[in-house]
Every structure is written in structure tokens, then in C-alpha cells.
Amino acid sequence: MAFYVAWLTIVDPELNQKTRSRHLSYLQSLYQQGKVAWAGPFTDKSGGMVVYKADNDDEATELAYHDPAVTSGARSVVVKTWTLLDFDTLKI
């Protein structure tokens, strides 16, 4: 299992407000399934970020692109694999 960051940018603020509850319900369901590690909005209100836990790129992409905020067109999304640094073992 790996971490994947989904960067969600609001492209339609009005539509985003309409789909917000479905977006949050979707993320909560995935969190309960162990598929979301962290999620939250950006303080500048431009969108937010979700850190998914998935077995591979395809699964992470599918999870991100099935978010109601994305399927509705309220937000765009970019998904990247993310490696968490272990500072206890980091050699620099």
C-alpha cells in the first residue's frame, strides 16, 4: 500500500457548494474503509488535498476521479504518488 496525494482545485465555486456534502460523504466513507489517510481544505479556499492509501496508481486515480466534486465538474484533480520521509533513518 502506498500514499497518493490528490490536489483538488475549485473550478466552479457555485457547483462546488452544491456538491460539498456529497464530496465530504464520499471521503468519510473512504476514510472508514481505510482508503483516506488525511484530507482538508486549503486556507485560501482554492480547493483542498486528499491523501489516499491505495495498492497502485490505478486504484488511487479511480478513487480521486470518482469523487463527486470531480465528477460534477466542480473541481479538477491531479493525483501524484507520495513518499513519506522517515526522518529517523534519513541520511543526508
# chains A, B, ... in the order shown; residues from 1 in each chain; ligands from 1

call {"tool": "select_by_dssp", "arguments": {"residues": "stretch 1-89 of chain A", "states": "helix (DSSP H, G or I)", "output": "PyMOL selection string"}}
result
chain A and resi 13-32+57-65+68-71

call {"tool": "write_last_selection", "arguments": {"atoms": "C-alpha atoms", "output": "PDB file, in the first residue's frame"}}
result
ATOM      1  CA  PRO A  13     -17.432  27.736  -6.855  1.00  0.00           C
ATOM      2  CA  GLU A  14     -21.234  27.592  -7.101  1.00  0.00           C
ATOM      3  CA  LEU A  15     -21.237  23.957  -8.190  1.00  0.00           C
ATOM      4  CA  ASN A  16     -18.648  23.192  -5.517  1.00  0.00           C
ATOM      5  CA  GLN A  17     -21.054  24.449  -2.819  1.00  0.00           C
ATOM      6  CA  LYS A  18     -23.833  22.266  -4.251  1.00  0.00           C
ATOM      7  CA  THR A  19     -21.683  19.119  -4.248  1.00  0.00           C
ATOM      8  CA  ARG A  20     -19.804  19.728  -0.983  1.00  0.00           C
ATOM      9  CA  SER A  21     -21.921  17.407   1.172  1.00  0.00           C
ATOM     10  CA  ARG A  22     -21.624  14.546  -1.346  1.00  0.00           C
ATOM     11  CA  HIS A  23     -17.871  15.177  -1.585  1.00  0.00           C
ATOM     12  CA  LEU A  24     -17.468  15.010   2.204  1.00  0.00           C
ATOM     13  CA  SER A  25     -19.690  11.918   2.496  1.00  0.00           C
ATOM     14  CA  TYR A  26     -17.602  10.210  -0.185  1.00  0.00           C
ATOM     15  CA  LEU A  27     -14.365  10.988   1.656  1.00  0.00           C
ATOM     16  CA  GLN A  28     -15.808   9.909   5.001  1.00  0.00           C
ATOM     17  CA  SER A  29     -16.873   6.579   3.522  1.00  0.00           C
ATOM     18  CA  LEU A  30     -13.393   6.017   2.076  1.00  0.00           C
ATOM     19  CA  TYR A  31     -11.828   7.017   5.400  1.00  0.00           C
ATOM     20  CA  GLN A  32     -13.957   4.405   7.170  1.00  0.00           C
ATOM     21  CA  ASP A  57      -1.735   4.118  -9.272  1.00  0.00           C
ATOM     22  CA  ASP A  58      -4.905   2.877 -10.971  1.00  0.00           C
ATOM     23  CA  GLU A  59      -6.775   2.444  -7.695  1.00  0.00           C
ATOM     24  CA  ALA A  60      -5.723   5.874  -6.419  1.00  0.00           C
ATOM     25  CA  THR A  61      -6.705   7.535  -9.690  1.00  0.00           C
ATOM     26  CA  GLU A  62     -10.069   5.781  -9.667  1.00  0.00           C
ATOM     27  CA  LEU A  63     -10.755   6.892  -6.089  1.00  0.00           C
ATOM     28  CA  ALA A  64      -9.851  10.510  -6.872  1.00  0.00           C
ATOM     29  CA  TYR A  65     -11.776  10.715 -10.132  1.00  0.00           C
ATOM     30  CA  PRO A  68     -18.489  13.790  -6.611  1.00  0.00           C
ATOM     31  CA  ALA A  69     -16.656  17.141  -6.575  1.00  0.00           C
ATOM     32  CA  VAL A  70     -14.691  15.921  -9.594  1.00  0.00           C
ATOM     33  CA  THR A  71     -17.428  14.010 -11.452  1.00  0.00           C
TER      34      THR A  71
END

call {"tool": "select_by_dssp", "arguments": {"residues": "chain A", "states": "strand (DSSP E)", "output": "PyMOL selection string"}}
result
chain A and resi 2-10+36-41+47-54+75-82

call {"tool": "residues_around", "arguments": {"residues": "A:Thr9", "least_positions_apart": "2", "cutoff": "9 Å", "atoms": "only C-alpha atoms", "output": "list in words"}}
result
Trp7, Val11, Ser46, Gly47, Gly48, Met49, Ala74, Arg75, Ser76, Val77 and Val78 of chain A

call {"tool": "write_last_selection", "arguments": {"atoms": "N, CA and C atoms", "output": "short mmCIF file (atom, residue, chain, number, x, y, z; two decimals), in the first residue's frame"}}
result
data_model
loop_
_atom_site.label_atom_id
_atom_site.label_comp_id
_atom_site.auth_asym_id
_atom_site.auth_seq_id
_atom_site.Cartn_x
_atom_site.Cartn_y
_atom_site.Cartn_z
N TRP A 7 -4.70 16.62 -5.43
CA TRP A 7 -4.80 18.06 -5.30
C TRP A 7 -6.06 18.48 -6.05
N VAL A 11 -12.97 24.78 -9.61
CA VAL A 11 -13.10 25.44 -10.91
C VAL A 11 -14.47 26.07 -11.09
N SER A 46 -9.11 27.80 -2.25
CA SER A 46 -8.95 27.46 -3.66
C SER A 46 -9.24 25.99 -3.94
N GLY A 47 -9.39 25.18 -2.90
CA GLY A 47 -9.62 23.75 -3.06
C GLY A 47 -9.14 23.02 -1.84
N GLY A 48 -8.61 21.82 -2.04
CA GLY A 48 -8.13 21.03 -0.92
C GLY A 48 -7.27 19.87 -1.38
N MET A 49 -6.87 19.06 -0.42
CA MET A 49 -5.99 17.94 -0.70
C MET A 49 -6.50 16.70 0.03
N ALA A 74 -17.10 20.40 -10.51
CA ALA A 74 -16.84 21.49 -9.56
C ALA A 74 -15.36 21.69 -9.30
N ARG A 75 -14.61 20.57 -9.36
CA ARG A 75 -13.17 20.63 -9.09
C ARG A 75 -12.40 19.82 -10.12
N SER A 76 -11.18 20.28 -10.38
CA SER A 76 -10.24 19.49 -11.17
C SER A 76 -9.35 18.75 -10.17
N VAL A 77 -8.67 17.70 -10.64
CA VAL A 77 -7.84 16.92 -9.73
C VAL A 77 -6.55 16.51 -10.41
N VAL A 78 -5.47 16.51 -9.63
CA VAL A 78 -4.18 15.97 -10.05
C VAL A 78 -3.77 14.97 -8.97
#

call {"tool": "closest_residue", "arguments": {"among": "A:Asp67, A:Ala54, A:Thr89, A:Gly73", "to": "A:Val5", "atoms": "only C-alpha atoms"}}
result
A:Ala54

call {"tool": "closest_residue", "arguments": {"among": "A:Tyr52, A:Asp88, A:Phe42, A:Asp12", "to": "A:Ser72", "atoms": "only C-alpha atoms"}}
result
A:Asp12

call {"tool": "atom_distance", "arguments": {"atom1": "atom CA of A:Lys91", "atom2": "atom CA of A:Asp55"}}
result
27.3 Å

call {"tool": "residues_around", "arguments": {"residues": "A:Phe3", "least_positions_apart": "2", "cutoff": "8 Å", "atoms": "only C-alpha atoms", "output": "PDB file with N, CA and C atoms, in the first residue's frame"}}
result
ATOM      1  N   MET A   1       0.846  -1.178   0.000  1.00  0.00           N
ATOM      2  CA  MET A   1       0.000   0.000   0.000  1.00  0.00           C
ATOM      3  C   MET A   1       0.886   1.234   0.000  1.00  0.00           C
ATOM      4  N   VAL A   5      -1.361  11.606  -3.270  1.00  0.00           N
ATOM      5  CA  VAL A   5      -1.924  12.916  -2.997  1.00  0.00           C
ATOM      6  C   VAL A   5      -2.818  13.323  -4.156  1.00  0.00           C
ATOM      7  N   VAL A  51      -5.162  12.684   0.895  1.00  0.00           N
ATOM      8  CA  VAL A  51      -4.102  11.687   0.821  1.00  0.00           C
ATOM      9  C   VAL A  51      -4.785  10.321   0.902  1.00  0.00           C
ATOM     10  N   TYR A  52      -4.749   9.623  -0.236  1.00  0.00           N
ATOM     11  CA  TYR A  52      -5.335   8.288  -0.334  1.00  0.00           C
ATOM     12  C   TYR A  52      -4.304   7.230   0.012  1.00  0.00           C
ATOM     13  N   LYS A  53      -4.784   6.111   0.526  1.00  0.00           N
ATOM     14  CA  LYS A  53      -3.969   4.906   0.703  1.00  0.00           C
ATOM     15  C   LYS A  53      -4.509   3.894  -0.304  1.00  0.00           C
ATOM     16  N   ALA A  54      -3.672   3.505  -1.248  1.00  0.00           N
ATOM     17  CA  ALA A  54      -4.126   2.608  -2.308  1.00  0.00           C
ATOM     18  C   ALA A  54      -3.034   1.609  -2.655  1.00  0.00           C
ATOM     19  N   THR A  81       1.840  10.081  -6.718  1.00  0.00           N
ATOM     20  CA  THR A  81       2.330   9.172  -5.692  1.00  0.00           C
ATOM     21  C   THR A  81       3.162   9.981  -4.714  1.00  0.00           C
ATOM     22  N   TRP A  82       3.027   9.675  -3.431  1.00  0.00           N
ATOM     23  CA  TRP A  82       3.704  10.446  -2.394  1.00  0.00           C
ATOM     24  C   TRP A  82       4.459   9.510  -1.474  1.00  0.00           C
ATOM     25  N   THR A  83       5.712   9.819  -1.231  1.00  0.00           N
ATOM     26  CA  THR A  83       6.535   9.042  -0.313  1.00  0.00           C
ATOM     27  C   THR A  83       6.749   9.852   0.946  1.00  0.00           C
ATOM     28  N   LEU A  84       6.386   9.288   2.058  1.00  0.00           N
ATOM     29  CA  LEU A  84       6.551   9.934   3.350  1.00  0.00           C
ATOM     30  C   LEU A  84       7.992   9.740   3.807  1.00  0.00           C
TER      31      LEU A  84
END

call {"tool": "closest_residue", "arguments": {"among": "A:His66, A:Asn56, A:Leu8, A:Asp86", "to": "A:Pro41", "atoms": "only C-alpha atoms"}}
result
A:Leu8

call {"tool": "atom_distance", "arguments": {"atom1": "atom CA of A:Phe87", "atom2": "atom CA of A:Gln33"}}
result
28.3 Å

call {"tool": "atom_distance", "arguments": {"atom1": "atom CA of A:Ala37", "atom2": "atom CA of A:Val79"}}
result
14.6 Å
